[in-house]
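Source file start-v8.cif; content: mmCIF, C-alpha atoms.
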data_model
loop_
_atom_site.group_PDB
_atom_site.id
_atom_site.type_symbol
_atom_site.label_atom_id
_atom_site.label_comp_id
_atom_site.auth_asym_id
_atom_site.auth_seq_id
_atom_site.Cartn_x
_atom_site.Cartn_y
_atom_site.Cartn_z
ATOM 1 C CA GLY G 1058 -12.997 -11.778 -6.318
ATOM 2 C CA GLU G 1059 -10.491 -9.864 -8.360
ATOM 3 C CA SER G 1060 -6.986 -9.872 -6.955
ATOM 4 C CA VAL G 1061 -3.385 -9.269 -7.769
ATOM 5 C CA GLY G 1062 -1.096 -12.215 -7.203
ATOM 6 C CA LEU G 1063 2.582 -13.029 -7.432
ATOM 7 C CA HIS G 1064 4.120 -16.072 -9.082
ATOM 8 C CA LEU G 1065 7.087 -16.459 -6.730
ATOM 9 C CA PRO G 1066 6.983 -15.880 -3.011
ATOM 10 C CA THR G 1067 10.790 -15.770 -2.609
ATOM 11 C CA LEU G 1068 13.706 -14.767 -4.765
ATOM 12 C CA SER G 1069 17.381 -15.065 -3.857
ATOM 13 C CA VAL G 1070 20.075 -13.394 -5.929
ATOM 14 C CA GLN G 1071 23.742 -12.520 -5.711
ATOM 15 C CA GLU G 1072 24.855 -8.942 -5.324
ATOM 16 C CA GLY G 1073 25.342 -7.390 -8.730
ATOM 17 C CA ASP G 1074 22.850 -9.656 -10.472
ATOM 18 C CA ASN G 1075 19.687 -8.368 -12.074
ATOM 19 C CA SER G 1076 16.440 -9.293 -10.331
ATOM 20 C CA ILE G 1077 13.039 -9.811 -11.874
ATOM 21 C CA ILE G 1078 9.930 -9.881 -9.724
ATOM 22 C CA ASN G 1079 6.678 -10.918 -11.361
ATOM 23 C CA CYS G 1080 3.044 -10.153 -10.722
ATOM 24 C CA ALA G 1081 -0.105 -11.475 -12.363
ATOM 25 C CA TYR G 1082 -3.333 -9.546 -12.144
ATOM 26 C CA SER G 1083 -6.754 -10.909 -12.863
ATOM 27 C CA ASN G 1084 -8.791 -7.742 -13.286
ATOM 28 C CA SER G 1085 -8.645 -6.678 -16.917
ATOM 29 C CA ALA G 1086 -10.116 -3.332 -15.918
ATOM 30 C CA SER G 1087 -7.001 -2.467 -13.906
ATOM 31 C CA ASP G 1088 -5.211 0.427 -15.520
ATOM 32 C CA TYR G 1089 -2.817 1.768 -12.935
ATOM 33 C CA PHE G 1090 -0.082 -0.190 -11.194
ATOM 34 C CA ILE G 1091 2.466 0.561 -8.518
ATOM 35 C CA TRP G 1092 5.433 -1.338 -7.144
ATOM 36 C CA TYR G 1093 6.295 -0.971 -3.477
ATOM 37 C CA LYS G 1094 9.229 -2.110 -1.375
ATOM 38 C CA GLN G 1095 8.699 -2.890 2.283
ATOM 39 C CA GLU G 1096 11.566 -3.375 4.674
ATOM 40 C CA SER G 1097 11.122 -4.941 8.072
ATOM 41 C CA GLY G 1098 9.448 -2.576 10.513
ATOM 42 C CA LYS G 1099 8.665 0.040 7.872
ATOM 43 C CA GLY G 1100 5.757 1.029 5.717
ATOM 44 C CA PRO G 1101 5.730 0.289 1.973
ATOM 45 C CA GLN G 1102 8.012 2.579 -0.015
ATOM 46 C CA PHE G 1103 6.930 3.760 -3.465
ATOM 47 C CA ILE G 1104 9.270 2.521 -6.192
ATOM 48 C CA ILE G 1105 7.656 3.153 -9.550
ATOM 49 C CA ASP G 1106 4.248 3.258 -11.185
ATOM 50 C CA ILE G 1107 2.879 2.650 -14.657
ATOM 51 C CA ARG G 1108 -0.410 3.329 -16.388
ATOM 52 C CA SER G 1109 -2.024 0.996 -18.865
ATOM 53 C CA ASN G 1110 -1.272 3.254 -21.832
ATOM 54 C CA MET G 1111 2.393 2.343 -21.394
ATOM 55 C CA ASP G 1112 4.279 -0.934 -21.794
ATOM 56 C CA LYS G 1113 7.466 0.076 -20.047
ATOM 57 C CA ARG G 1114 8.702 2.653 -17.621
ATOM 58 C CA GLN G 1115 12.173 3.155 -16.257
ATOM 59 C CA GLY G 1116 13.448 4.644 -13.055
ATOM 60 C CA GLN G 1117 16.742 4.628 -11.290
ATOM 61 C CA ARG G 1118 17.979 1.005 -11.568
ATOM 62 C CA VAL G 1119 14.390 -0.197 -11.929
ATOM 63 C CA THR G 1120 12.188 -0.953 -14.896
ATOM 64 C CA VAL G 1121 8.537 -1.931 -14.844
ATOM 65 C CA LEU G 1122 7.068 -3.861 -17.755
ATOM 66 C CA LEU G 1123 3.362 -4.240 -18.360
ATOM 67 C CA ASN G 1124 1.893 -6.877 -20.642
ATOM 68 C CA LYS G 1125 -1.826 -6.250 -20.847
ATOM 69 C CA THR G 1126 -2.408 -9.160 -23.192
ATOM 70 C CA VAL G 1127 -1.506 -11.704 -20.528
ATOM 71 C CA LYS G 1128 -2.196 -9.405 -17.573
ATOM 72 C CA HIS G 1129 1.330 -9.534 -16.288
ATOM 73 C CA LEU G 1130 3.531 -6.997 -14.565
ATOM 74 C CA SER G 1131 7.203 -7.252 -13.731
ATOM 75 C CA LEU G 1132 9.775 -5.234 -11.831
ATOM 76 C CA GLN G 1133 13.373 -5.451 -12.948
ATOM 77 C CA ILE G 1134 16.097 -4.293 -10.608
ATOM 78 C CA ALA G 1135 19.514 -3.816 -12.163
ATOM 79 C CA ALA G 1136 22.739 -4.530 -10.281
ATOM 80 C CA THR G 1137 20.879 -5.685 -7.194
ATOM 81 C CA GLN G 1138 22.412 -4.624 -3.897
ATOM 82 C CA PRO G 1139 22.052 -5.996 -0.355
ATOM 83 C CA GLY G 1140 20.024 -2.893 0.480
ATOM 84 C CA ASP G 1141 17.422 -4.060 -2.025
ATOM 85 C CA SER G 1142 16.544 -6.998 0.237
ATOM 86 C CA ALA G 1143 12.921 -6.527 1.208
ATOM 87 C CA VAL G 1144 9.387 -7.632 0.390
ATOM 88 C CA TYR G 1145 8.134 -6.288 -2.919
ATOM 89 C CA PHE G 1146 4.451 -5.738 -3.604
ATOM 90 C CA CYS G 1147 2.612 -4.909 -6.754
ATOM 91 C CA ALA G 1148 -0.607 -2.979 -6.363
ATOM 92 C CA GLU G 1149 -3.336 -2.080 -8.802
ATOM 93 C CA ASN G 1150 -6.113 0.410 -9.105
ATOM 94 C CA MET G 1151 -8.840 0.560 -11.679
ATOM 95 C CA GLU G 1152 -10.901 3.413 -12.913
ATOM 96 C CA SER G 1153 -14.420 2.810 -11.704
ATOM 97 C CA GLY G 1154 -15.658 6.139 -10.537
ATOM 98 C CA GLY G 1155 -15.967 6.630 -6.819
ATOM 99 C CA THR G 1156 -14.979 3.114 -5.887
ATOM 100 C CA SER G 1157 -11.472 3.665 -7.212
ATOM 101 C CA TYR G 1158 -10.519 6.527 -4.920
ATOM 102 C CA GLY G 1159 -7.531 5.632 -2.819
ATOM 103 C CA LYS G 1160 -8.111 1.910 -3.154
ATOM 104 C CA LEU G 1161 -5.043 -0.052 -4.078
ATOM 105 C CA THR G 1162 -5.359 -3.827 -4.288
ATOM 106 C CA PHE G 1163 -2.096 -5.464 -3.278
ATOM 107 C CA GLY G 1164 -0.519 -8.745 -4.220
ATOM 108 C CA GLN G 1165 0.801 -11.050 -1.520
ATOM 109 C CA GLY G 1166 4.394 -9.953 -1.979
ATOM 110 C CA THR G 1167 7.740 -11.451 -2.966
ATOM 111 C CA ILE G 1168 10.631 -11.697 -0.561
ATOM 112 C CA LEU G 1169 13.851 -10.644 -2.264
ATOM 113 C CA THR G 1170 17.092 -11.677 -0.582
ATOM 114 C CA VAL G 1171 20.366 -10.353 -1.946
ATOM 115 C CA HIS G 1172 23.499 -12.213 -0.916
ATOM 116 C CA PRO G 1173 26.805 -10.285 -0.758
ATOM 117 C CA LYS H 864 9.256 17.522 2.969
ATOM 118 C CA ALA H 865 8.528 15.412 5.984
ATOM 119 C CA GLY H 866 6.977 12.054 5.232
ATOM 120 C CA VAL H 867 3.744 10.571 6.484
ATOM 121 C CA THR H 868 3.750 10.247 10.251
ATOM 122 C CA GLN H 869 1.631 7.936 12.348
ATOM 123 C CA THR H 870 1.077 7.848 16.083
ATOM 124 C CA PRO H 871 1.382 5.895 18.193
ATOM 125 C CA ARG H 872 3.820 3.434 16.657
ATOM 126 C CA TYR H 873 2.876 0.611 18.996
ATOM 127 C CA LEU H 874 -0.252 -0.069 20.959
ATOM 128 C CA ILE H 875 -1.499 -2.888 23.162
ATOM 129 C CA LYS H 876 -5.203 -3.128 23.935
ATOM 130 C CA THR H 877 -7.537 -5.726 25.366
ATOM 131 C CA ARG H 878 -10.609 -7.195 23.742
ATOM 132 C CA GLY H 879 -13.651 -4.991 23.918
ATOM 133 C CA GLN H 880 -11.711 -1.735 24.161
ATOM 134 C CA GLN H 881 -11.582 0.882 21.473
ATOM 135 C CA VAL H 882 -8.570 2.554 19.891
ATOM 136 C CA THR H 883 -7.833 5.696 17.894
ATOM 137 C CA LEU H 884 -4.901 5.934 15.518
ATOM 138 C CA SER H 885 -3.591 9.142 14.019
ATOM 139 C CA CYS H 886 -2.030 9.994 10.673
ATOM 140 C CA SER H 887 -0.444 13.207 9.435
ATOM 141 C CA PRO H 888 -0.037 13.248 5.638
ATOM 142 C CA ILE H 889 2.736 14.818 3.638
ATOM 143 C CA SER H 890 2.296 18.578 3.525
ATOM 144 C CA GLY H 891 -0.012 19.509 0.666
ATOM 145 C CA HIS H 892 -1.521 16.047 0.301
ATOM 146 C CA ARG H 893 -5.262 16.003 0.754
ATOM 147 C CA SER H 894 -6.025 12.343 0.117
ATOM 148 C CA VAL H 895 -5.459 9.910 2.981
ATOM 149 C CA SER H 896 -6.031 6.173 2.747
ATOM 150 C CA TRP H 897 -5.871 3.558 5.481
ATOM 151 C CA TYR H 898 -4.835 -0.074 5.154
ATOM 152 C CA GLN H 899 -4.657 -3.063 7.442
ATOM 153 C CA GLN H 900 -1.711 -5.427 7.031
ATOM 154 C CA THR H 901 -1.729 -8.930 8.481
ATOM 155 C CA PRO H 902 0.361 -12.019 7.654
ATOM 156 C CA GLY H 903 -2.725 -13.926 6.576
ATOM 157 C CA GLN H 904 -4.607 -11.323 4.557
ATOM 158 C CA GLY H 905 -1.817 -9.047 3.413
ATOM 159 C CA LEU H 906 -2.560 -5.395 2.767
ATOM 160 C CA GLN H 907 -6.254 -4.574 2.686
ATOM 161 C CA PHE H 908 -7.890 -1.230 1.995
ATOM 162 C CA LEU H 909 -9.970 0.250 4.788
ATOM 163 C CA PHE H 910 -11.100 3.674 3.568
ATOM 164 C CA GLU H 911 -10.035 6.883 1.867
ATOM 165 C CA TYR H 912 -10.648 10.515 2.727
ATOM 166 C CA PHE H 913 -10.301 13.644 0.664
ATOM 167 C CA SER H 914 -11.075 17.137 1.912
ATOM 168 C CA GLU H 915 -12.740 15.765 5.054
ATOM 169 C CA THR H 916 -15.048 13.461 3.061
ATOM 170 C CA GLN H 917 -14.939 9.691 2.990
ATOM 171 C CA ARG H 918 -14.966 8.821 -0.685
ATOM 172 C CA ASN H 919 -14.356 5.118 -0.568
ATOM 173 C CA LYS H 920 -14.627 2.280 1.913
ATOM 174 C CA GLY H 921 -13.300 -1.264 1.925
ATOM 175 C CA ASN H 922 -14.984 -4.390 3.109
ATOM 176 C CA PHE H 923 -14.591 -4.021 6.855
ATOM 177 C CA PRO H 924 -17.238 -4.061 9.596
ATOM 178 C CA GLY H 925 -18.733 -0.874 10.948
ATOM 179 C CA ARG H 926 -16.463 -1.094 14.001
ATOM 180 C CA PHE H 927 -13.829 0.481 11.782
ATOM 181 C CA SER H 928 -14.366 4.170 11.193
ATOM 182 C CA GLY H 929 -12.363 7.222 10.376
ATOM 183 C CA ARG H 930 -12.392 10.918 9.824
ATOM 184 C CA GLN H 931 -10.299 13.652 8.331
ATOM 185 C CA PHE H 932 -9.757 17.142 9.628
ATOM 186 C CA SER H 933 -9.484 20.410 7.746
ATOM 187 C CA ASN H 934 -5.664 20.242 7.903
ATOM 188 C CA SER H 935 -5.852 16.802 6.183
ATOM 189 C CA ARG H 936 -4.772 14.931 9.282
ATOM 190 C CA SER H 937 -6.772 11.754 9.700
ATOM 191 C CA GLU H 938 -7.769 9.414 12.467
ATOM 192 C CA MET H 939 -9.171 5.935 12.411
ATOM 193 C CA ASN H 940 -11.076 4.319 15.228
ATOM 194 C CA VAL H 941 -11.731 0.693 15.975
ATOM 195 C CA SER H 942 -14.395 -0.040 18.550
ATOM 196 C CA THR H 943 -15.046 -3.258 20.456
ATOM 197 C CA LEU H 944 -11.661 -4.672 19.620
ATOM 198 C CA GLU H 945 -11.311 -8.324 18.685
ATOM 199 C CA LEU H 946 -8.213 -10.498 18.694
ATOM 200 C CA GLY H 947 -8.324 -10.560 14.909
ATOM 201 C CA ASP H 948 -7.859 -6.810 14.786
ATOM 202 C CA SER H 949 -4.212 -7.260 15.718
ATOM 203 C CA ALA H 950 -2.360 -5.900 12.726
ATOM 204 C CA LEU H 951 -0.168 -3.187 11.317
ATOM 205 C CA TYR H 952 -2.330 -0.220 10.376
ATOM 206 C CA LEU H 953 -0.882 1.858 7.598
ATOM 207 C CA CYS H 954 -1.792 5.298 6.428
ATOM 208 C CA ALA H 955 -0.928 6.601 2.973
ATOM 209 C CA SER H 956 -1.256 10.062 1.489
ATOM 210 C CA SER H 957 -1.476 11.282 -2.068
ATOM 211 C CA HIS H 958 -1.411 14.685 -3.674
ATOM 212 C CA GLN H 959 -3.656 13.484 -6.465
ATOM 213 C CA ARG H 960 -7.320 14.289 -6.284
ATOM 214 C CA ASP H 961 -8.065 11.345 -8.536
ATOM 215 C CA ARG H 962 -5.561 8.504 -8.639
ATOM 216 C CA GLY H 963 -1.845 8.506 -8.212
ATOM 217 C CA GLU H 964 1.049 7.296 -6.176
ATOM 218 C CA GLN H 965 0.452 6.839 -2.485
ATOM 219 C CA TYR H 966 3.154 7.380 0.121
ATOM 220 C CA PHE H 967 2.971 5.328 3.263
ATOM 221 C CA GLY H 968 3.771 6.041 6.862
ATOM 222 C CA PRO H 969 5.603 3.589 9.133
ATOM 223 C CA GLY H 970 2.358 2.207 10.524
ATOM 224 C CA THR H 971 0.896 1.579 13.957
ATOM 225 C CA ARG H 972 1.353 -1.920 15.318
ATOM 226 C CA LEU H 973 -1.795 -2.821 17.232
ATOM 227 C CA THR H 974 -1.840 -5.880 19.450
ATOM 228 C CA VAL H 975 -5.137 -7.001 20.961
ATOM 229 C CA THR H 976 -4.925 -9.364 23.926
#

Any chance you could put this one into structure tokens?
Amino acid sequence: GESVGLHLPTLSVQEGDNSIINCAYSNSASDYFIWYKQESGKGPQFIIDIRSNMDKRQGQRVTVLLNKTVKHLSLQIAATQPGDSAVYFCAENMESGGTSYGKLTFGQGTILTVHP
Amino acid sequence: KAGVTQTPRYLIKTRGQQVTLSCSPISGHRSVSWYQQTPGQGLQFLFEYFSETQRNKGNFPGRFSGRQFSNSRSEMNVSTLELGDSALYLCASSHQRDRGEQYFGPGTRLTVT
């Protein structure tokens, strides 16, 4: 079935570097995307979202890029810090009437490790 | 505002028993969604409630059920527990009636022995 997947399961970076986490989605009908960060023992934490009428959205130290042509999503973290170490998930939702309510489809996640 | 709270945080049950998990959404949020997280399957959608009505349901057996109260608090119930039901159960709330960002609670870790 349709799913959201990640290219890289792990990513290791040095403190201060920029990190890029990628996500490929297969459902061309997806039009709303969210990035979440999950630390050990905690629930996913909302980072940033983007709708399909946008190509780019920026937050504090984070940027999400959406390429609808190749169905690709990325999360860029600037000046990565040890506190950014976590599992990062992309999630998608598509407009399909009642079946879209509350249903986020998650990718498998990428483990980001930031070395001091 | 206080975040999403879930109780209990940890639970150990035996096969065949049933369990009820509770979720209190962020104040003012009326949409509550439930997810199951396991190492093998990742995060999977269970169901969503809005104004006490289930609007959407994932692909889980009928042993999984839920409800929402008039104050938006929600419960989910799993009957006839199986070993494979061991998982982290997450609740998320949203202030959007339609679609929008969901904010997650810390989850309830259920272990079935």

Q | Counting all atoms listed in the file, the option among G:Asn1150, G:Asn1084, G:Asn1079, G:Thr1137 closest to chain H | A |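 Looking at the shortest contact to chain H, the residue is G:Asn1150.
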
Q: Give the residues of chain G that lie within 9 Å of chain H; count all atoms listed in the file, and format the answer as a count of residues only.
A: 24

Q: Within 9 Å of stretch 1123-1127 of chain G, counting all atoms listed in the file, which residues show up once you throw out same-chain ones fewer than 5 positions away? Write them as a PyMOL selection string, please.
A: chain G and resi 1081-1082+1085+1090+1107-1109+1111-1114

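Closest approach to G:Val1119 among G:Thr1167, G:Ser1131, G:Gln1095, G:Gln1071 is made by G:Ser1131 (distances from all atoms listed in the file).
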
Q.
If the PyMOL selection byres ((chain H and resi 881) around 10) were run on this exact file, what residues would it hold? Put them as a list in words.
A. Lys876, Thr877, Arg878, Gly879, Gln880, Val882, Thr883, Arg926, Phe927, Asn940, Val941, Ser942, Thr943, Leu944 and Glu945 of chain H

**Q.** Separation of atom CA of H:Ser914 from atom CA of G:Ala1148, in Å and rounded to one decimal
**A.** 24.1 Å

Q) Quick one: distance from atom CA of G:Thr1067 to atom CA of G:Ile1168 in Å, one decimal? A) 4.6 Å

Q: Spell out the residues picked by the PyMOL selection byres ((chain H and resi 889) around 8) here, as an MDAnalysis selection string.
A: chainID H and resid 864:867 887:888 890:892 956:957

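If you look at atom CA of G:His1172 and atom CA of G:Glu1096, they are 15.9 Å away from each other.
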
Q. Any idea what's packed within 9 Å of H:Glu938, counting all atoms listed in the file, ignoring anything in its chain fewer than 4 positions away? Could you give it as a ChimeraX atom specification?
A. /H:883-887,928-932

Q.
Measuring between only C-alpha atoms, which one of G:Val1171, G:Val1070, G:Ile1134, G:Cys1080 shows the shortest distance to G:Cys1147?
A.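 Among G:Val1171, G:Val1070, G:Ile1134, G:Cys1080, it is G:Cys1080 that comes nearest to G:Cys1147.
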
Expansion of the PyMOL selection byres ((chain G and resi 1170) around 6) into residues, as a short mmCIF file (atom, residue, chain, number, x, y, z; two decimals) with C-alpha atoms, in the coordinates of the input:
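Resulting contents of out.cif:
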data_model
loop_
_atom_site.label_atom_id
_atom_site.label_comp_id
_atom_site.auth_asym_id
_atom_site.auth_seq_id
_atom_site.Cartn_x
_atom_site.Cartn_y
_atom_site.Cartn_z
CA SER G 1069 17.38 -15.06 -3.86
CA SER G 1142 16.54 -7.00 0.24
CA LEU G 1169 13.85 -10.64 -2.26
CA VAL G 1171 20.37 -10.35 -1.95
#

Q) Hey, can you pull every residue with an atom no more than 6 Å from (20.5, -8.9, -10.6), using all atoms listed in the file, and send it as a PyMOL selection string? A) chain G and resi 1073-1076+1135-1137
